[in-house]
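With compact mmCIF, C-alpha atoms inside, this is input38.txt:
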# COMPACT_ATOMS: atom_id res chain seq x y z
CA MET A 1 11.28 -9.97 -3.20
CA GLU A 2 10.79 -13.08 -5.23
CA ALA A 3 13.39 -15.58 -6.30
CA VAL A 4 14.30 -15.22 -9.96
CA ARG A 5 16.42 -17.25 -12.34
CA VAL A 6 19.49 -15.28 -13.45
CA ARG A 7 22.18 -16.04 -15.99
CA HIS A 8 25.69 -14.63 -16.18
CA THR A 9 25.73 -12.37 -19.22
CA PHE A 10 29.21 -10.88 -19.42
CA ALA A 11 32.52 -12.46 -20.32
CA PRO A 12 35.36 -13.33 -18.00
CA ILE A 13 38.36 -11.02 -18.05
CA TYR A 14 41.68 -12.78 -18.53
CA GLN A 15 44.69 -13.17 -20.78
CA GLU A 16 47.52 -15.64 -21.19
CA ASN A 17 49.75 -13.82 -18.70
CA SER A 18 47.12 -13.55 -15.94
CA LYS A 19 48.76 -14.47 -12.64
CA VAL A 20 45.70 -14.76 -10.36
CA LEU A 21 42.00 -15.43 -10.84
CA ILE A 22 39.45 -13.71 -8.61
CA LEU A 23 35.99 -15.27 -8.51
CA GLY A 24 32.80 -13.72 -7.19
CA THR A 25 29.51 -15.60 -6.83
CA VAL A 26 27.06 -14.26 -9.41
CA PRO A 27 26.43 -10.70 -10.65
CA SER A 28 24.31 -8.62 -8.28
CA VAL A 29 21.17 -6.80 -9.37
CA LYS A 30 23.23 -3.62 -9.93
CA SER A 31 25.95 -5.54 -11.82
CA ARG A 32 23.30 -7.05 -14.07
CA GLU A 33 21.89 -3.56 -14.66
CA THR A 34 25.32 -2.13 -15.55
CA ASP A 35 26.32 -5.32 -17.39
CA PHE A 36 29.66 -5.51 -15.60
CA TYR A 37 31.33 -6.79 -12.47
CA TYR A 38 30.82 -5.07 -9.12
CA GLY A 39 28.36 -2.49 -10.40
CA HIS A 40 26.95 -1.47 -7.02
CA PRO A 41 28.39 1.97 -6.20
CA ARG A 42 29.06 0.94 -2.59
CA ASN A 43 30.86 -2.29 -3.46
CA ARG A 44 34.52 -1.72 -2.61
CA PHE A 45 36.04 -4.14 -5.12
CA TRP A 46 37.34 -1.48 -7.52
CA GLN A 47 38.74 0.60 -4.65
CA VAL A 48 40.58 -2.40 -3.21
CA ILE A 49 42.00 -3.54 -6.56
CA SER A 50 43.06 -0.03 -7.59
CA SER A 51 44.89 0.37 -4.27
CA LEU A 52 46.58 -2.99 -4.80
CA CYS A 53 47.58 -1.93 -8.33
CA ARG A 54 48.58 1.58 -7.21
CA THR A 55 46.30 3.25 -9.73
CA GLU A 56 43.40 5.67 -9.72
CA ILE A 57 40.01 4.05 -9.22
CA PRO A 58 38.76 3.20 -12.72
CA GLN A 59 35.40 4.65 -13.68
CA THR A 60 34.45 3.07 -16.98
CA LYS A 61 34.13 -0.56 -17.96
CA GLU A 62 37.06 -0.11 -20.35
CA GLU A 63 39.27 1.41 -17.63
CA LYS A 64 38.42 -1.44 -15.26
CA ILE A 65 39.28 -4.08 -17.86
CA GLN A 66 42.52 -2.28 -18.72
CA MET A 67 43.56 -2.08 -15.04
CA LEU A 68 42.93 -5.79 -14.52
CA LEU A 69 44.78 -6.86 -17.65
CA GLU A 70 47.73 -4.52 -17.10
CA ASN A 71 48.13 -6.00 -13.62
CA CYS A 72 47.71 -9.64 -14.72
CA ILE A 73 44.46 -10.16 -12.79
CA ALA A 74 41.75 -12.43 -14.19
CA LEU A 75 38.14 -11.93 -13.04
CA TYR A 76 35.03 -14.06 -13.27
CA ASP A 77 32.30 -15.60 -11.12
CA VAL A 78 31.53 -19.12 -9.91
CA VAL A 79 27.89 -19.22 -11.03
CA GLU A 80 26.75 -19.34 -14.65
CA SER A 81 23.09 -19.42 -13.64
CA CYS A 82 21.04 -19.83 -10.48
CA THR A 83 17.89 -18.90 -8.67
CA ILE A 84 18.44 -15.93 -6.35
CA ILE A 85 16.47 -13.39 -4.32
CA GLY A 86 17.75 -9.91 -5.12
CA SER A 87 21.53 -9.94 -4.62
CA SER A 88 21.52 -12.22 -1.58
CA ASP A 89 24.28 -14.82 -1.86
CA SER A 90 22.65 -16.79 0.95
CA SER A 91 19.56 -17.29 -1.23
CA ILE A 92 21.43 -18.84 -4.19
CA ARG A 93 19.88 -22.14 -5.29
CA ASP A 94 19.79 -24.39 -8.37
CA VAL A 95 23.37 -23.57 -9.35
CA ILE A 96 24.89 -24.24 -12.72
CA PRO A 97 28.60 -23.38 -12.38
CA VAL A 98 30.71 -21.57 -14.96
CA ASN A 99 33.24 -23.40 -17.10
CA LEU A 100 36.74 -22.36 -16.02
CA GLU A 101 38.47 -24.59 -18.59
CA PRO A 102 38.95 -21.87 -21.25
CA ILE A 103 40.59 -19.57 -18.69
CA LEU A 104 42.86 -22.22 -17.17
CA GLU A 105 43.83 -23.62 -20.57
CA GLN A 106 45.17 -20.20 -21.47
CA THR A 107 46.59 -19.11 -18.11
CA GLY A 108 47.71 -22.43 -16.67
CA ASP A 109 46.96 -23.41 -13.09
CA ILE A 110 47.07 -19.96 -11.53
CA PRO A 111 46.09 -19.23 -7.91
CA ILE A 112 42.37 -18.72 -7.39
CA PHE A 113 40.93 -16.35 -4.80
CA THR A 114 37.26 -15.83 -4.01
CA ASN A 115 35.57 -12.58 -3.14
CA GLY A 116 33.76 -13.71 -0.01
CA SER A 117 32.91 -16.96 1.70
CA ALA A 118 29.83 -17.70 -0.42
CA ALA A 119 31.93 -17.71 -3.60
CA TRP A 120 34.47 -19.93 -1.83
CA ARG A 121 31.82 -22.44 -0.69
CA LEU A 122 30.27 -22.57 -4.17
CA TYR A 123 33.69 -22.95 -5.80
CA ARG A 124 34.55 -25.84 -3.46
CA LYS A 125 31.20 -27.53 -4.10
CA PHE A 126 31.04 -27.16 -7.89
CA LEU A 127 34.45 -26.37 -9.38
CA GLU A 128 37.37 -27.48 -7.21
CA VAL A 129 37.09 -31.13 -8.24
CA GLN A 130 37.18 -30.09 -11.92
CA THR A 131 40.09 -27.66 -11.63
CA GLY A 132 42.14 -29.45 -9.00
CA ILE A 133 43.05 -25.99 -7.65
CA THR A 134 42.39 -25.00 -4.05
CA ALA A 135 40.81 -21.55 -3.83
CA TYR A 136 41.60 -19.08 -1.07
CA PRO A 137 38.72 -17.04 0.38
CA LEU A 138 39.14 -13.30 0.81
CA PRO A 139 36.69 -11.13 2.76
CA SER A 140 33.83 -9.87 0.65
CA THR A 141 34.02 -6.36 -0.78
CA SER A 142 30.21 -6.20 -0.74
CA PRO A 143 28.53 -3.35 1.13
CA ALA A 144 26.72 -6.10 3.08
CA ASN A 145 30.09 -6.91 4.69
CA ALA A 146 29.96 -3.75 6.81
CA ALA A 147 32.10 -5.29 9.58
CA TRP A 148 35.14 -4.85 7.33
CA SER A 149 36.42 -1.32 6.74
CA LEU A 150 37.91 -0.39 3.38
CA GLN A 151 41.34 -0.12 4.99
CA ARG A 152 41.12 -3.57 6.57
CA LEU A 153 39.83 -5.13 3.34
CA THR A 154 42.63 -3.53 1.35
CA GLU A 155 45.30 -4.75 3.78
CA VAL A 156 44.08 -8.36 3.69
CA TRP A 157 43.64 -8.41 -0.09
CA LYS A 158 47.10 -6.87 -0.61
CA GLU A 159 48.73 -9.40 1.71
CA ALA A 160 47.08 -12.30 -0.13
CA LEU A 161 47.56 -11.16 -3.73
CA THR A 162 50.84 -9.21 -3.78
CA PRO A 163 53.10 -12.30 -3.71
CA TYR A 164 51.55 -13.44 -7.01
CA LEU A 165 51.55 -10.13 -8.88
Give the structure from the file, written as structure tokens.
Amino acid sequence: MEAVRVRHTFAPIYQENSKVLILGTVPSVKSRETDFYYGHPRNRFWQVISSLCRTEIPQTKEEKIQMLLENCIALYDVVESCTIIGSSDSSIRDVIPVNLEPILEQTGDIPIFTNGSAAWRLYRKFLEVQTGITAYPLPSTSPANAAWSLQRLTEVWKEALTPYL
């Protein structure tokens, strides 16, 4: 695979009463194909969040947005554009970060969590100095993170996010 320049093409999900912000790195190949967050069928993000929210796993883009908003969860990524090979976070180069100002102006300084260590490292490098908010890394829901079972992921995510929701 060759490195390609990608650009984030879908909007952040948030509202004034969002209580937490979850940041990924940059949309994967499958997410870019589906034009929405966590589009790979084996990514466990939607399973984890639906368990946390005590709802059925949403299937459509509209159902996913509704679940997030009803549960006061904001969602976005750290990277606006970058050079990447496939969906490999470790290959990310030439980063232009997203602008979190519009979200934080509306939500206030809410807790920020990252989906995986790559998102956390990129947030710390490019955005933490601008936001003044320390982000907390959560284990990645990516299928590449096979060492973490769905049950273990769900437990850790619930423990981290429940106090804020």
Checklist entry - Between A:Gln66, A:Glu2, A:Asp35, A:Lys125, which one has atoms that come closest to Ser50 in chain A, using all atoms listed in the file? => result A:Gln66
Checklist entry - In Å, how far is it from CA of Thr131 in chain A to CA of Val98 in chain A? => result 11.7 Å
Per residue of range 77-140 of chain A within 6 Å of range 20-33 of chain A, note the shortest atom pair and the distance in Å to one decimal, counting only C-alpha atoms, and order the rows by chain and increasing residue number, as CSV.
residue,atom,partner,partner_atom,distance
A:Asp77,CA,A:Gly24,CA,4.4
A:Val78,CA,A:Thr25,CA,5.1
A:Val79,CA,A:Val26,CA,5.3
A:Ser87,CA,A:Ser28,CA,4.8
A:Ile110,CA,A:Val20,CA,5.5
A:Pro111,CA,A:Val20,CA,5.1
A:Ile112,CA,A:Leu21,CA,4.8
A:Phe113,CA,A:Ile22,CA,4.9
A:Thr114,CA,A:Leu23,CA,4.7
A:Asn115,CA,A:Gly24,CA,5.0
A:Ala119,CA,A:Thr25,CA,4.6
Next on the checklist: To one decimal place in Å, what is the distance between CA of Phe36 in chain A and CA of Val48 in chain A?
Outcome noted: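 Value for the CA of Phe36 in chain A-CA of Val48 in chain A distance: 16.8 Å.
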Centre and edges of the range 135-139 of chain A box, axis-aligned, 8 Å extra per side, as AutoDock Vina command-line options:
--center_x 39.1 --center_y -16.3 --center_z -0.5 --size_x 20.9 --size_y 26.4 --size_z 22.6
At most 9 Å from (15.7, -21.5, -15.2), file frame, only C-alpha atoms: which residues, as a PDB file with C-alpha atoms, in the coordinates of the input?
ATOM      1  CA  VAL A   4      14.300 -15.220  -9.960  1.00  0.00           C
ATOM      2  CA  ARG A   5      16.420 -17.250 -12.340  1.00  0.00           C
ATOM      3  CA  VAL A   6      19.490 -15.280 -13.450  1.00  0.00           C
ATOM      4  CA  ARG A   7      22.180 -16.040 -15.990  1.00  0.00           C
ATOM      5  CA  SER A  81      23.090 -19.420 -13.640  1.00  0.00           C
ATOM      6  CA  CYS A  82      21.040 -19.830 -10.480  1.00  0.00           C
ATOM      7  CA  THR A  83      17.890 -18.900  -8.670  1.00  0.00           C
ATOM      8  CA  ASP A  94      19.790 -24.390  -8.370  1.00  0.00           C
TER       9      ASP A  94
END
